[in-house]
Amino acid sequence: MLSRAAPLRRGTVAASVGWVTVGTLLANVLAYAVQVPASRVLGPDGFGEFAVLGAAMLVASVPALALQAVVARQVVRGSSPARLWRLIGIVFVVVAGLSVVATAGMMGLARTDLAPTAAALASAAPLAVIAGGQGFLQGAGRFRLLGAVLAAVGVLRSVPVIVAVLAGSDATGALAVGTLGTVVAALLVGAVAVRGPYRGDGLRDLEVSVSAVLAASGVQFVMIVAVSVDLLLSRAVLSPADAGVYALGAVATKAAFWLPQAIGVVAYPRLADPVRSAAALRRAAAVLAGIGAVLTVLAAVGGPLVPVVISEDYRDVAGLMWAFALTGSLVAVLQLMLLAAIARNRARGALPALAVLGVEVVVILTVVDSVIGLVAVAAVAAACQVAATWGWLSSSRGPR
């Protein structure tokens, strides 16, 4: 199978990573900038609800995230753009329906009200268009434009929320304007991506199907739940105040997970190419491990500033910020390995991590009753998931 992605020469790899890094960094900085005024204005109880629903929205958007991986892979392999856009439309409708069901489920699980839950989960369907459009740019190797798109999406999704919170809005209002910004971002990304020159000849159109997205969704589900399950279950095992404190610590987990996303984005077309997959995986994993070590040290050094920058209400989590960052860094490495499984169309690569995830959920629900206990379980589970998945990749005929 010949790769249709634009080949990246050594001289252009750093530039590609640079453009995507700038875009993702701006988007992530804005996403985490939301947490500062939200944690201060909403207080631990309100911020706990805000953060849990944000995590729920991420889980509900799993099919959209999988869609980006499938579209990028199929652009590399030469599928026709028209077929891919039809797939994006189908996933949009499916995610919209799932969001309705998820709203009722989340209200029971996290004890949230209808209005904020619906406001949060309504953003999942527009993310399908955003993810699909980004998949076109990613698969075609248009990383400069992809970086600009990532930045624009970050601005449109986060800035309205920051403004709403500073204006005194509650969690419902802040989540609602965030969803509105996501809709605008979806329209923008769709308009940009549809104009691109794609060299699809339709020879691999049989791989463009809902079943392909479902297979990738299974892998993405493990990936997203791995970084969110502790926060999702925090209100079930902790008091509302402690859950709010934990939610602030989980910001470090998300930061360590999302900040190095450019590495996986740029490496993905090569992970989809059998000739370059093994070497690309090894190099990218080493880079992510190094970044994770740096972020963990920075979190340990900066942790004592939490009560000063945020509020005295969050002092209990200041000394644990390094553990949250370590967890996120480990899941970032796990994500890269699972992306390799999607790129080579081998969804079974998620099974080892899924098994560990199941054990983690049981332990959280039956044993954990404190902030420190919850973060410890999350960190150990992340380490076990990385080890188990790497073992599978090393011993199987899948992507190595």
# chains A, B, ... in the order shown; residues from 1 in each chain; ligands from 1

call {"tool": "select_by_dssp", "arguments": {"residues": "segment 148-336 of chain A", "states": "alpha helix (DSSP H)", "output": "ChimeraX atom specification"}}
result
/A:148-166,171-193,210-237,240-258,261-271,277-302,306-309,321-336

call {"tool": "residues_around", "arguments": {"residues": "Trp85 of chain A", "least_positions_apart": "6", "cutoff": "10 Å", "atoms": "only C-alpha atoms", "output": "NGL selection string"}}
result
:A and (71 or 91 or 129 or 132-133 or 136 or 190 or 194)

call {"tool": "closest_residue", "arguments": {"among": "A:Ile162, A:Leu26, A:Leu137, A:Leu298", "to": "Ala256 of chain A", "atoms": "only C-alpha atoms"}}
result
A:Leu298

call {"tool": "atom_distance", "arguments": {"atom1": "atom CA of Ala216 of chain A", "atom2": "atom CA of Val356 of chain A"}}
result
18.8 Å

call {"tool": "atom_distance", "arguments": {"atom1": "atom CA of Val362 of chain A", "atom2": "atom CA of Ser239 of chain A"}}
result
18.7 Å

call {"tool": "residues_around", "arguments": {"residues": "Ala60 of chain A", "least_positions_apart": "4", "cutoff": "9 Å", "atoms": "only C-alpha atoms", "output": "list in words"}}
result
Ala55, Ala56, Ala64, Val95, Leu98, Ser99, Ala102, Leu121, Ala124 and Ala125 of chain A

call {"tool": "atom_distance", "arguments": {"atom1": "atom CA of Leu180 of chain A", "atom2": "atom CA of Met107 of chain A"}}
result
21.4 Å

call {"tool": "closest_residue", "arguments": {"among": "A:Val210, A:Leu146, A:Leu188, A:Ala171", "to": "Leu114 of chain A", "atoms": "only C-alpha atoms"}}
result
A:Ala171

call {"tool": "residues_around", "arguments": {"residues": "Gly218 of chain A", "least_positions_apart": "3", "cutoff": "12 Å", "atoms": "only C-alpha atoms", "output": "ChimeraX atom specification"}}
result
/A:59,62-67,211-215,221-225,338-339,341-342,345-351,353-354

call {"tool": "residues_around", "arguments": {"residues": "Val20 of chain A", "least_positions_apart": "3", "cutoff": "12 Å", "atoms": "only C-alpha atoms", "output": "JSON, numbers by chain"}}
result
{"A": [13, 14, 15, 16, 17, 23, 24, 25, 26, 27, 28, 134, 137, 138, 141, 142, 143, 144, 145, 146, 147, 148, 149, 150, 151, 259, 260, 261, 262, 263, 264, 265, 266, 267]}

call {"tool": "closest_residue", "arguments": {"among": "A:Arg77, A:Thr389, A:Ala140, A:Ala33", "to": "Arg157 of chain A", "atoms": "only C-alpha atoms"}}
result
A:Ala33

call {"tool": "residues_around", "arguments": {"residues": "Leu271 of chain A", "least_positions_apart": "4", "cutoff": "10 Å", "atoms": "only C-alpha atoms", "output": "list in words"}}
result
Arg73, Gly264, Val266, Ala267, Val275, Arg276, Ser277, Ala278, Ala279, Ala280, Leu281, Leu336, Met337, Leu339, Ala340, Ala341, Ile342, Ala343, Arg344, Pro399 and Arg400 of chain A

call {"tool": "write_last_selection", "arguments": {"atoms": "C-alpha atoms", "output": "JSON list (two decimals), in the first residue's frame"}}
result
[["chain", "number", "residue", "atom", "x", "y", "z"],
["A", 73, "ARG", "CA", -5.89, 7.39, 7.72],
["A", 264, "GLY", "CA", 0.91, 12.36, 17.85],
["A", 266, "VAL", "CA", 2.33, 14.93, 13.13],
["A", 267, "ALA", "CA", 3.43, 11.31, 13.63],
["A", 275, "VAL", "CA", 7.12, 1.17, 6.14],
["A", 276, "ARG", "CA", 7.61, 3.94, 8.71],
["A", 277, "SER", "CA", 5.26, 2.90, 11.52],
["A", 278, "ALA", "CA", 7.69, 1.11, 13.87],
["A", 279, "ALA", "CA", 10.38, 3.79, 13.81],
["A", 280, "ALA", "CA", 7.83, 6.60, 14.11],
["A", 281, "LEU", "CA", 6.25, 4.99, 17.17],
["A", 336, "LEU", "CA", 0.26, 7.44, 21.09],
["A", 337, "MET", "CA", 0.31, 3.64, 21.24],
["A", 339, "LEU", "CA", -3.18, 5.84, 17.80],
["A", 340, "ALA", "CA", -0.73, 3.39, 16.27],
["A", 341, "ALA", "CA", -3.36, 0.67, 16.65],
["A", 342, "ILE", "CA", -5.97, 2.84, 14.88],
["A", 343, "ALA", "CA", -3.52, 3.83, 12.16],
["A", 344, "ARG", "CA", -2.89, 0.18, 11.31],
["A", 399, "PRO", "CA", 1.86, -1.93, 14.88],
["A", 400, "ARG", "CA", 5.24, -1.96, 16.54]]
